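K.L.:
Below are the structure tokens for one structure; questions will follow.
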Amino acid sequence: MHAFDILGDPVRRRILELLADGVRSSGEIVAVIAAEYRISQPAVSQHLRILRESGFATAEAEGRRRLYTVAPERFDEVEAWVQRFRRTWEPRFEALATEVARGKKARRDSDSPP
């Protein structure tokens with residue numbers, strides 16, 4: 001499955017946001033996702049399984065708990081795709097930064113006593 005097929009789902013993106021902050025147990029993830037999206041524990045487990053099987057997350061058993069972490073390697077595919085478009089927006093960001101700097105300088109110059 002293509003990376004964007006996985007990331008296209010808002011529940012899976014939210015789970016990855018939680019995992020970006022560090023290791024989380026499945027119980028912690030279920031509690032947050034069930035409250036925010038009003039979906040059942042089995043539905044959250046299905047999203048976790050998809051993230052695991054697609055390589056976006058890893059799970060490790062610790063006793064009766066399953067601990068999830070984000071797997072950064074799979075994001076290389078996303079980065080490679082985005083990289084193709086970076087050359088389109090980077091010059092625009094650079095031009096914006098130049099205009100912001102000019103505006104700040106003009107404000108400083110106008111605030112200076114004669």
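Ligands are numbered from 1 in the order shown, chains are lettered A, B, ... in the order of the structure tokens, and residues start at 1 in each chain.
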Can you pull out the residues contacting A:Phe75? Cut-off 10 Å, using only C-alpha atoms, and skip same-chain residues under 4 positions away; I want them as a list in words.
P.N.:
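In the requested format, the answer is Ala3, Gly55, Phe56, Val70, Ala71, Glu79, Ala80 and Trp81 of chain A.
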K.L.:
For N, CA and C atoms, I'd like the residues from the last selection saved as a compact mmCIF listing (two decimals), in the first residue's frame.
P.N.:
```
# COMPACT_ATOMS: atom_id res chain seq x y z
N ALA A 3 2.29 4.93 0.76
CA ALA A 3 2.37 5.68 2.02
C ALA A 3 1.20 6.64 2.19
N GLY A 55 4.56 -0.55 8.08
CA GLY A 55 5.90 -0.11 8.44
C GLY A 55 5.99 1.28 9.02
N PHE A 56 4.86 1.93 9.31
CA PHE A 56 4.89 3.25 9.91
C PHE A 56 5.05 3.21 11.42
N VAL A 70 6.91 5.10 16.57
CA VAL A 70 6.90 5.44 15.16
C VAL A 70 8.13 4.82 14.51
N ALA A 71 7.99 4.37 13.28
CA ALA A 71 9.10 3.80 12.53
C ALA A 71 9.50 4.81 11.45
N GLU A 79 9.09 11.60 2.24
CA GLU A 79 10.07 12.67 2.03
C GLU A 79 10.52 12.72 0.57
N ALA A 80 10.74 11.57 -0.04
CA ALA A 80 11.17 11.54 -1.44
C ALA A 80 10.10 12.13 -2.35
N TRP A 81 8.85 11.84 -2.06
CA TRP A 81 7.76 12.39 -2.87
C TRP A 81 7.67 13.90 -2.69
```
K.L.:
If you run DSSP on the backbone, which residues of chain A are strand (DSSP E), as a PDB file with C-alpha atoms, in the first residue's frame?
P.N.:
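Here's the written file selection_20.pdb:
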```
ATOM      1  CA  ARG A  24       2.768   4.796  23.824  1.00  0.00           C
ATOM      2  CA  SER A  25       0.917   1.739  24.985  1.00  0.00           C
ATOM      3  CA  ALA A  57       4.855   1.935  13.470  1.00  0.00           C
ATOM      4  CA  THR A  58       6.449  -0.862  15.423  1.00  0.00           C
ATOM      5  CA  ALA A  59       5.048  -2.704  18.405  1.00  0.00           C
ATOM      6  CA  GLU A  60       6.831  -4.506  21.185  1.00  0.00           C
ATOM      7  CA  ALA A  61       5.174  -6.733  23.741  1.00  0.00           C
ATOM      8  CA  GLU A  62       5.902  -5.876  27.355  1.00  0.00           C
ATOM      9  CA  ARG A  65       0.925  -4.504  27.108  1.00  0.00           C
ATOM     10  CA  ARG A  66       1.906  -3.656  23.577  1.00  0.00           C
ATOM     11  CA  LEU A  67       4.130  -0.595  23.221  1.00  0.00           C
ATOM     12  CA  TYR A  68       4.073   1.337  19.960  1.00  0.00           C
ATOM     13  CA  THR A  69       6.690   3.602  18.446  1.00  0.00           C
ATOM     14  CA  VAL A  70       6.895   5.442  15.161  1.00  0.00           C
TER      15      VAL A  70
END
```
K.L.:
Near stretch 4-20 of chain A, counting only C-alpha atoms, which residues have an atom at most 9 Å away, once you skip same-chain residues fewer than 2 positions from it, shown as a ChimeraX atom specification?
P.N.:
/A:1-2,22-24,29,32-33,37,44,47-48,50-51,54,56-57,68-70,78
K.L.:
Write a file of the just-selected residues containing N, CA and C atoms, as a tab-separated table (two decimals), in the first residue's frame.
P.N.:
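The new file part-v1.tsv reads:
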```tsv
chain	number	residue	atom	x	y	z
A	1	MET	N	0.84	-1.17	0.00
A	1	MET	CA	0.00	0.00	0.00
A	1	MET	C	0.90	1.25	0.00
A	2	HIS	N	0.53	2.24	-0.78
A	2	HIS	CA	1.31	3.47	-0.88
A	2	HIS	C	1.23	4.24	0.43
A	22	GLY	N	6.67	10.03	21.48
A	22	GLY	CA	7.35	8.98	22.22
A	22	GLY	C	6.53	7.70	22.25
A	23	VAL	N	7.07	6.72	22.94
A	23	VAL	CA	6.45	5.40	23.05
A	23	VAL	C	5.10	5.52	23.75
A	24	ARG	N	4.11	4.82	23.22
A	24	ARG	CA	2.77	4.80	23.82
A	24	ARG	C	2.26	3.36	23.86
A	29	ILE	N	-3.18	4.84	23.51
A	29	ILE	CA	-3.60	5.25	22.17
A	29	ILE	C	-5.11	5.09	22.02
A	32	VAL	N	-7.08	7.88	23.86
A	32	VAL	CA	-7.08	9.18	23.18
A	32	VAL	C	-7.93	9.13	21.91
A	33	ILE	N	-7.69	8.13	21.09
A	33	ILE	CA	-8.37	8.05	19.80
A	33	ILE	C	-9.87	7.80	19.98
A	37	TYR	N	-12.29	10.55	18.40
A	37	TYR	CA	-12.98	10.15	17.17
A	37	TYR	C	-14.24	9.34	17.43
A	44	VAL	N	-9.76	1.07	16.66
A	44	VAL	CA	-8.43	1.65	16.89
A	44	VAL	C	-7.37	0.57	16.68
A	47	HIS	N	-6.56	0.17	13.07
A	47	HIS	CA	-5.68	1.22	12.57
A	47	HIS	C	-4.24	0.96	13.01
A	48	LEU	N	-4.05	0.52	14.24
A	48	LEU	CA	-2.71	0.20	14.73
A	48	LEU	C	-2.10	-0.94	13.92
A	50	ILE	N	-2.77	-1.70	10.81
A	50	ILE	CA	-2.42	-1.18	9.49
A	50	ILE	C	-1.10	-0.41	9.57
A	51	LEU	N	-0.94	0.40	10.60
A	51	LEU	CA	0.31	1.16	10.76
A	51	LEU	C	1.49	0.22	10.97
A	54	SER	N	2.19	-1.75	7.62
A	54	SER	CA	2.69	-0.89	6.55
A	54	SER	C	4.08	-0.33	6.85
A	56	PHE	N	4.86	1.93	9.31
A	56	PHE	CA	4.89	3.25	9.91
A	56	PHE	C	5.05	3.21	11.42
A	57	ALA	N	4.74	2.08	12.01
A	57	ALA	CA	4.85	1.93	13.47
A	57	ALA	C	5.38	0.54	13.78
A	68	TYR	N	3.92	0.90	21.35
A	68	TYR	CA	4.07	1.34	19.96
A	68	TYR	C	5.05	2.50	19.86
A	69	THR	N	5.80	2.49	18.77
A	69	THR	CA	6.69	3.60	18.45
A	69	THR	C	6.56	3.88	16.95
A	70	VAL	N	6.91	5.10	16.57
A	70	VAL	CA	6.90	5.44	15.16
A	70	VAL	C	8.13	4.82	14.51
A	78	VAL	N	7.73	9.19	1.88
A	78	VAL	CA	6.99	10.45	1.90
A	78	VAL	C	7.93	11.61	1.60
```
K.L.:
Just list as a ChimeraX atom specification whatever in stretch 8-107 of chain A DSSP marks as helix (DSSP H, G or I).
P.N.:
/A:10-20,26-37,41-54,72-107
